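Colleague: Encoded as C-alpha cells, here's the structure I'll be asking about.
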Amino acid sequence: MFRDFQSRPRRSRHLLFGLACLVSAFCLGGTVYAFSALERPAPAPAPEPEVEVEFAPLPDEPEPEPEPEPEPIVAPVQAMRPAAVRPTLRPPDEIPDEQPEQSQEPLRDDGPVGPTSGDTRGVPGGTGTATAPAATAEEPPPPPPEPTMRAERRAPRVTTESVRAGRPRFRCEEPAAVREQGIAGVVLVHVQVDAAGLLQRFDLLRGHPVLQGVVRDCMRAHWREWTPAREPTGDAITWQWRQPFVFRARNL
C-alpha cells in the first residue's frame, strides 16, 4: 500500500512531462508551418480576358460655307462735257496788206460744248451734265500794321577813359595776430559806389584768404567813407572799379 502511494507522484510527473512535450511539438510545428507559408510565392493572378473594342468612325464635318466675296467699290464717274470740235487752223499762204474788217455781228450762244462749267479740254464721250463748283474769291490778307515810331532815348555815352574813379577815405590795418604771422600781399576788390559816396556792393576777386577776411571786415565797417567817381565836368556819378588793398610785411 505504501508503494502504491509513492508511485502516483511519478506517474503524474510523467504525464505532465509528456503533455509539455506534446505542446512544444505542436508549437514548433505551427512555427515551421507559418515560415513555410510565408516563403511560398503568391499565386499568380488569373489573366483577364481580352475584349475587342471597335471605335465608331467620326461623322464627317460639313464643309464651311464660302464667305461671300465683297462687292467691288466703284467710284462714281464724274460726267464730263463732250470734247469740243476745234477747227484745224492752217497758216496762210500769204499775208494781205489790208487790215481785215471787224465783224459787228452778236456773239454766238454757247452750246453743249466748250469750256463753260466744264473742262476746258473736254472729254470724248462726255454728257455735258457735270457742273463745276463755283470758285470763291479769297479775301485778301489784312495789311500789316504801321510801325509805331518810338522815341529812342539814349543815355549819354561815358567812356572809362573820361571818368575819374573814386577812392576809399580809410586805410585797412591788419590785426596784430595777422601781423605776427608775417603775411603780405595784395587783395583786389571790385566795388560799386554811388554819387553820394556810399558803397553799394563789393566782390573779393583775389588775395590771401586771411587778408581777404581783413578787407571784408574793413569794407563793412567803412562803407560810408568813399569818394565817388566823377565825370570830366566834375559831376559825381555812380561807378564801379577795381580797388587794390596792399599789405606789407613789417619787422617786429
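Going by the C-alpha cells order, chains are called A, B, ..., each with residues numbered from 1, while ligands are numbered from 1 in the order shown.
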Run DSSP on the backbone and grab whatever in region 181-217 of chain A lands in helix (DSSP H, G or I); send it over as a VMD selection string.
Modeller: chain A and resid 181 209 to 217
Colleague: Those selected residues, please, written with C-alpha atoms and delivered as a JSON list (two decimals), in the first residue's frame.
Modeller:
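Writing the result to part-v1.json gives the following:
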```json
[["chain", "number", "residue", "atom", "x", "y", "z"],
["A", 181, "GLN", "CA", 52.22, 135.80, -38.94],
["A", 209, "PRO", "CA", 42.39, 134.15, -47.62],
["A", 210, "VAL", "CA", 43.46, 135.69, -44.30],
["A", 211, "LEU", "CA", 43.90, 139.13, -45.87],
["A", 212, "GLN", "CA", 40.56, 138.80, -47.65],
["A", 213, "GLY", "CA", 38.90, 138.36, -44.27],
["A", 214, "VAL", "CA", 40.61, 141.57, -43.04],
["A", 215, "VAL", "CA", 39.41, 143.51, -46.11],
["A", 216, "ARG", "CA", 35.88, 142.15, -45.76],
["A", 217, "ASP", "CA", 35.61, 143.41, -42.18]]
```
Colleague: What is the CA of Phe202 (chain A)-CA of Ile237 (chain A) distance in Å, reported with one decimal?
Modeller: 17.0 Å
Colleague: Figure out the distance between CA of Val187 (chain A) and CA of Trp239 (chain A), please, to one decimal in Å.
Modeller: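 Between CA of Trp239 (chain A) and CA of Val187 (chain A) the gap works out to 19.9 Å.
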Colleague: Quote the spacing between CA of Gln243 (chain A) and CA of Leu204 (chain A) in Å to one decimal place.
Modeller: 9.9 Å
Colleague: Find the residue from A:Arg169, A:Arg242, A:Arg224, A:Arg250 that sits nearest to Ala196 (chain A); use only C-alpha atoms when measuring.
Modeller: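 Checking each candidate against Ala196 (chain A), we get A:Arg224 as the closest.
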